[in-house]
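The structure appears below as structure tokens.
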Amino acid sequence: MKQSTVQRLAMRRRVLKLLGAGSAAAAGGWPALQATAQARNATLVIGLDISDAGAVTPDPARMNFYTPPLTTRTVYETLITLAPGDYQTLRPLLAESWERTPDGKGFRFRLRKNVKFVSGAPMTADDVKFSFDRLVNVKDQPSAYADNLGRVEVVDPYTVDVFPTNMDLPLLTILTAPSCGIYEKKIALANGATADADAKNTDKAAQWFGTTSIGTGPYKLVTWERNVQVTMVRNPHYWNGTPGFERVIIRHIGDGGAQLLALKRGDIDVAFNLSPEQLASVSDSADLAIAAEPTFDYVYMAITSSPELNPILARKEARQAIAYAIDYDGIRDALFGGVGVRPASFIPYGIGGSSKPFVEQARYGLNPAKAKEMLAKAGVPDGFEFEMAYGTAAIAGASFPVIAQKMQSDLAKVGIKAQLRPMDYANLRTVYYQGKASSVVLSWNLNAVEPWLWGSAAVDRVAKRVHWNVPPTTRTALSAAAAERDKGKQEALYQDFQRLLIDQANLIVLLQPVYRVAYRKRIKDFRLTGAGWMAELGAAKPA
Amino acid sequence: MTDSVAVSDDVQVAAIELRAESTSTRGQRWRRRYGLAAIGVAIIVAWMLVALLAPWIAPYRPDLVDVTQRLLPPSAAHWLGTDTLGRDVLSRLLYGARVSLFVSILVVLLGAAFGILVGGIAAYAGGWVEHALMRFTDLVLCFPPIILAMAIAAALGIGTVNTMIAMLVVWWPKFARLARGLVLVQRHQEYVEAAHVIGYGPGRVLLKHILPNALGPLIVLCTLDVGHAILVFAGLSFLGLGVVPPTAEWGAMVSEGRELVEQWWCATFAGLAIFTVVMGFNFLGDGVRDWLDPRARRR
Amino acid sequence: MFRYVSNRLITSVVLALFATLVVFLIASVVPGDPILAMLGDLAASKPEIVAEYRARWGLDLPLWQQYWIFLQRLFHGDLGISISTGRPVLADIAQYAPATVELGTIAFVLSIAIGVPFGIVAAVWRDSWVDHSARFISLVGVSSPVFWLAFIALTIFYGWLQIAPGPGRLDPIDFPPANVTGSFLIDSLIAGDWETFKTAFAHLILPSLVLCAATLGLITRITRASMLETLGQDYVRVARAKGMKERAVIVRHALPNALIPVITLAGLAYANLLTGTVLTETIFSWPGLGRYTFRSALSLDLPAIMGMTLLFAIVYLIINLLVDLSYALVDPRVLKR
């Protein structure tokens with residue numbers, strides 16, 4: 001595309017500012033244009049809405065779970081990890097290998113020997129112990145998911161033992177989460193971080209973690225500006241080859257339409273928040289491509305069993321009738337662009353025994369006749385009324401109000417009247433968590449790829465919210481599955497557990513969206529991941 | 001929160017406009033003065049008929065979801081196209097008139113009633129009563145309406161009735177102010193003194209003697225204000241307050257269609273509907289004002 | 001005069017504080033808990049973590065104590081920390097206010113710059129096509145829902161014709177100029193950055209045009225009306241009879257008097273513009289106070305809500321005071337009450 005002089009000057013100025021170059025360089029003459037174009041090519045610019053309420057810091061011990069993991073995982077690495085597309089196999093990252101400890105009570109990790117931090121210092125077991133202890137003792141949000149992370153012992157500079165607090169519960173998959181990233185103990189201590197038992201009150205490094213990074217990842221954090229931009233530069237000491245770009249910039253763009261335009265004009269290289277309609281227009285462009293990756297997030301509906309809230313919903317058959325009345329495929333095709341999968345129950349498709357054959361056989365599907373049959377069994381052949389609460393947000397481009405209205409019309413076809421109760425987010429979660437909602441339509445976000453996390457959520461905190469008295473047999477089924485070491489047997493046990501959840505019908509999963517991202521073809525090896533940190537930025541490189 | 005100016009300023013504008021004179025034939029003057037008003041009446045009557053007859057004239061049910069028919073452009077089957085859930089835009093438009101007209105007229109009437117009462121009493125009583133009531137009016141006026149509306153929605157839940165309550169809370173002060181000003185002017189007139197001398201009680205004097213004389217600008221304000229109320233209610237619905245789905249409402253329709261630039265019909269027609277109704281009320285308000293001013297009548 | 005002003009000022013402060021109290025009470029009885037909106041699912045269902053966050057924000061104290069703390073902080077010029085941004089509310093306001101003021105002021109200037117001449121011309125050539133079009137346009141401006149106008153403007157000029165830039169104050173890839181006043185137009189001129197000035201200006205055009213629509217309508221009408229009334233006055237007739245050129249009559253005699261009511265109403269209009277931008281800012285992704293207020297209310301961010309209520313109330317009351325004072329300048333009888 002031929003550009004006028006004015007446009008090229010403007011572009012050069014913008015790119016130079018983007019790269020933090022001084023105004024003197026910007027005032028330079030024509031020859032600088034070539035250098036500018038090169039600099040732009042060496043920069044990966046991502047357009048993403050980073051205005052989520054919890055996105056305050058990339059500190060692994062304090063980060064929230066929506067957009068910060070993308071940055072955290074790029075600058076801090078974990079001992080073991082999951083590759084995009086394969087979430088069952090643990091792969092070595094900072095740890096070369098691992099086995100059980102001699103006493104069988106923990107795991108022994110042998111660390112890679114050639115890993116250096118961004119400062120140039122080598123990574124040792126001391127750093128691992130410090131990072132893990134700090135995660136646990138700071139007792140901020142990420143620690144809640146690392147409940148099972150117990151004692152950590154340094155055996156020698158490149159060997160570390162990690163003991164779970166409960167042997168029958170999973171630990172390894174938890175360690176793949178970005179919050180278990182490893183950072184340099186010495187520098188962290190020098191800047192107010194502490195891993196002591198009282199770290200909750202004495203650790204002062206939260207702000208500092210937003211100003212730089214001290215990890216082993218391919219890039220190093222330079223700035224973190226809330227709602228504006230995150231800037232990272234290449235880590236010169238990266239142990240695994242040379243990262244593809246000189247800089248990676250995550251730019252906040254809240255509007256999908258603005259992201260699309262910026263992408264088309266080449267101002268950004270990747271757009272994360274496009275709606276299905278916007279993605280459709282991407283295919284018109286020869287320079288743009290779409291990357292898709294199934295995720296483990298899903299949209300679900302939680303229905304109460306409390307007779308005080310709704311005596312009819314307390315009957316299992318009534319809830320099953322709801323499950324049979326929803327037009328799942330219609331929701332997927334019309335509201336999510338036709339892409340997405342649907343698990344059978346609370347454990348997402350792709351792990352924990354939720355394989356294709358199982359899921360297709362066990363899950364609910366649109367069946368109005370069966371729905372009416374269930375209504376009759378529940379004693380309300382002509383239908384009944386109930387309240388459905390939801391928020392104003394959107395997931396994968398589809399907004400909850402629209403999803404709720406579609407469900408309402410589906411249910412009306414078999415005689416069930418859903419009264420919609422839109423709420424603001426705070427109200428919605430309060431009402432739900434306090435167990436005062438008849439039913440709620442929400443999304444569930446992944447923390448770590450471990451089936452037990454979903455299972456335990458279903459029988460513990462979610463069960464409380466929907467007033468479900470979980471029978472001991474269900475709990476036993478779950479703990480048996482968690483404790484089972486044989487992969488094949490474990491999957492079968494999880495399937496048994498899921499069948500119990502499905503029959504109970506308190507939790508109906510509507511869709512597990514496929515996240516789709518548009519990017520410029522000049523970026524090679526841009527891989528999305530469903531493991532919780534959105535994309536593997538370390539692998540991407542310019543064409 | 002509304003992006004328009006206090007309507008009582010309109011009344012002042014109106015008063016100034018009227019004092020200007022012209023020299024033309026009676027017929028010309030009548031047409032010039034009341035031509036637009038007649039158009040306004042026609043528009044309003046048309047929409048009221050639509051609102052009343054919606055169940056009979058709408059081609060489809062407004063909540064008929066059919067996702068296989070979603071986002072269709074205007075065609076013979078769907079004159080104004082379909083929205084993101086396959087619902088007929090025309091039918092939703094017709095039903096939307098019911099909510100908009102009903103809510104705004106009710107809010108204005110109730111707000112005016114309460115406001116006139118407060119302002120009238122304040123002006124008539126004078127002294128500390130007036131002072132206290134006017135400070136109270138000021139207090140309500142300096143509230144950010146959007147915060148109030150959202151707080152009430154959070155406390156009571158989202159819905160038509162609750163939004164009306166939120167609107168009522170901020171609606172009456174302007175009537176109170178205007179009423180106070182008008183009653184003040186009347187209060188010092190001789191006929192009021194005469195009424196006192198005769199022995200009429202304050203309530204009777206206020207209601208039967210003062211208010212009827214002060215009514216003119218108040219009626220003008222009411223008429224112009226219905227349009228304003230429609231805009232505010234649509235704005236609140238646009239922001240996510242207002243009606244509960246699947247009730248069709250114009251502001252909510254614009255909000256749902258906002259991202260759909262390619263499928264412009266979803267948002268455009270609803271906004272156009274709001275625009276025509278409000279304009280009708282504005283035309284009518286202008287005409288009522290022209291008609292009620294005694295100076296205009298004299299000519 | 002001085003006593004009148006100081007009385008009004010004191011009353012304004014009291015009223016503004018009262019407003020915060022009312023908002024505080026309403027927001028406190030809302031069932032929603034803002035902490036739950038922030039925390040992840042597991043964290044939010046662990047009472048210890050929720051309790052710790054609540055204590056961190058002082059939400060576990062009794063209501064009267066919370067409000068008392070708010071007043072104490074206020075006395076020291078501190079509006080507390082916003083729960084959703086984690087920054088002092090004053091810092092938030094300082095960041096977002098310039099955007100709203102810039103937008104509102106440009107919209108106001110537009111409505112005056114277009115509306116006043118239009119109104120004058122319409123009055124001078126009464127009943128001509130100019131007059132009719134002025135009346136029509138002003139009615140259109142007052143009758144259009146702002147959010148719809150914004151959508152139409154974006155669709156046509158940004159989506160189809162592609163001559164207007166997208167939402168936001170700058171292109172996503174642009175950087176704001178060094179912060180002096182917060183207004184991008186002024187700051188980029190100070191920095192000598194012509195490119196940024198042009199981008200900022202281009203981004204301002206659509207939102208300010210949309211925002212000024214209603215005010216433009218009103219200013220046009222009142223200018224026309226006031227001009228008409230002035231032109232019908234006796235002294236104007238006298239001036240004409242004396243043989244003064246029409247142009248001189250209009251400019252030197254009619255116009256100054258005609259503009260007085262325009263000025264007072266314009267003041268109120270400016271206040272309304274500054275405080276009523278939430279819809280425009282939402283559609284144009286304008287990072288201003290309107291959107292900040294809306295988001296704070298949405299997430300039950302109590303400190304931010306109270307801060308904005310206070311700001312809104314004070315701005316409103318002060319501008320009202322100024323307008324009343326200008327009435328007093330015109331008609332001293334007002335002061336006697």
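Every chain in the structure tokens takes a letter, A first, then B, and so on in the order presented; its residues are numbered from 1, and the ligands are numbered from 1 following the presented order.
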| field | Selection near C:Thr155, 12 Å with only C-alpha atoms, sequence-local residues under 6 positions removed, as an MDAnalysis selection string | value | (chainID A and resid 257) or (chainID B and resid 257:265 267:268) or (chainID C and resid 148:149 161:167 206 283:284)
| task | Starting from chain C, keep only residues with some atom at most 7 Å from an atom of chain B, counting only C-alpha atoms, and report them as a PyMOL selection string. | result | chain C and resi 15+19+26-27+29-31+139-140+142-146+148+151+155+159+211+214-215+222+225-226+228-229+232+269+272-273+275-278+297+309+312-313+316-317
| task | Using only C-alpha atoms, select each residue of chain C with any atom at most 7 Å away from an atom of chain A, and give the selection as an MDAnalysis selection string. | result | chainID C and resid 31:34 36:38 42:43 45 84 166:167 172:174 195 298:299
Taking only C-alpha atoms into account, find every residue of chain A that has an atom no more than 7 Å from chain B, and write it out as an mmCIF file with N, CA and C atoms, in the first residue's frame.
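In the end it all went to selection.cif:
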```cif
data_model
loop_
_atom_site.group_PDB
_atom_site.id
_atom_site.type_symbol
_atom_site.label_atom_id
_atom_site.label_comp_id
_atom_site.auth_asym_id
_atom_site.auth_seq_id
_atom_site.Cartn_x
_atom_site.Cartn_y
_atom_site.Cartn_z
ATOM 1 N N GLY A 330 -28.452 -24.372 18.899
ATOM 2 C CA GLY A 330 -28.878 -23.058 18.448
ATOM 3 C C GLY A 330 -28.065 -21.958 19.101
ATOM 4 N N ALA A 334 -25.877 -19.668 16.684
ATOM 5 C CA ALA A 334 -26.325 -18.290 16.495
ATOM 6 C C ALA A 334 -25.486 -17.296 17.289
ATOM 7 N N GLN A 405 -31.978 -14.556 27.009
ATOM 8 C CA GLN A 405 -33.244 -14.430 26.292
ATOM 9 C C GLN A 405 -33.489 -15.618 25.394
ATOM 10 N N LYS A 406 -32.435 -16.139 24.808
ATOM 11 C CA LYS A 406 -32.609 -17.331 23.963
ATOM 12 C C LYS A 406 -33.071 -18.503 24.818
ATOM 13 N N SER A 409 -36.706 -18.266 25.689
ATOM 14 C CA SER A 409 -37.658 -18.655 24.657
ATOM 15 C C SER A 409 -37.653 -20.178 24.450
ATOM 16 N N LEU A 420 -36.554 -13.370 33.805
ATOM 17 C CA LEU A 420 -35.175 -12.922 33.742
ATOM 18 C C LEU A 420 -34.892 -11.855 34.789
ATOM 19 N N PRO A 422 -31.827 -9.514 35.264
ATOM 20 C CA PRO A 422 -30.491 -8.982 35.001
ATOM 21 C C PRO A 422 -29.956 -8.266 36.237
ATOM 22 N N MET A 423 -28.675 -8.386 36.485
ATOM 23 C CA MET A 423 -28.081 -7.764 37.662
ATOM 24 C C MET A 423 -26.697 -7.262 37.328
#
```
| query | Looking only at the backbone, which of the residues in stretch 153-287 of chain A does DSSP tag as strand (DSSP E or B), as an MDAnalysis selection string? | reply | chainID A and resid 153:156 159:164 219:225 229:234 247:252 270:271
| request: Find the spatial neighbours of C:Ala134, counting only C-alpha atoms, within a cut-off of 8 Å - ignore same-chain residues fewer than 6 positions away - and output them as a ChimeraX atom specification. | output: /C:118-119,122,220-221
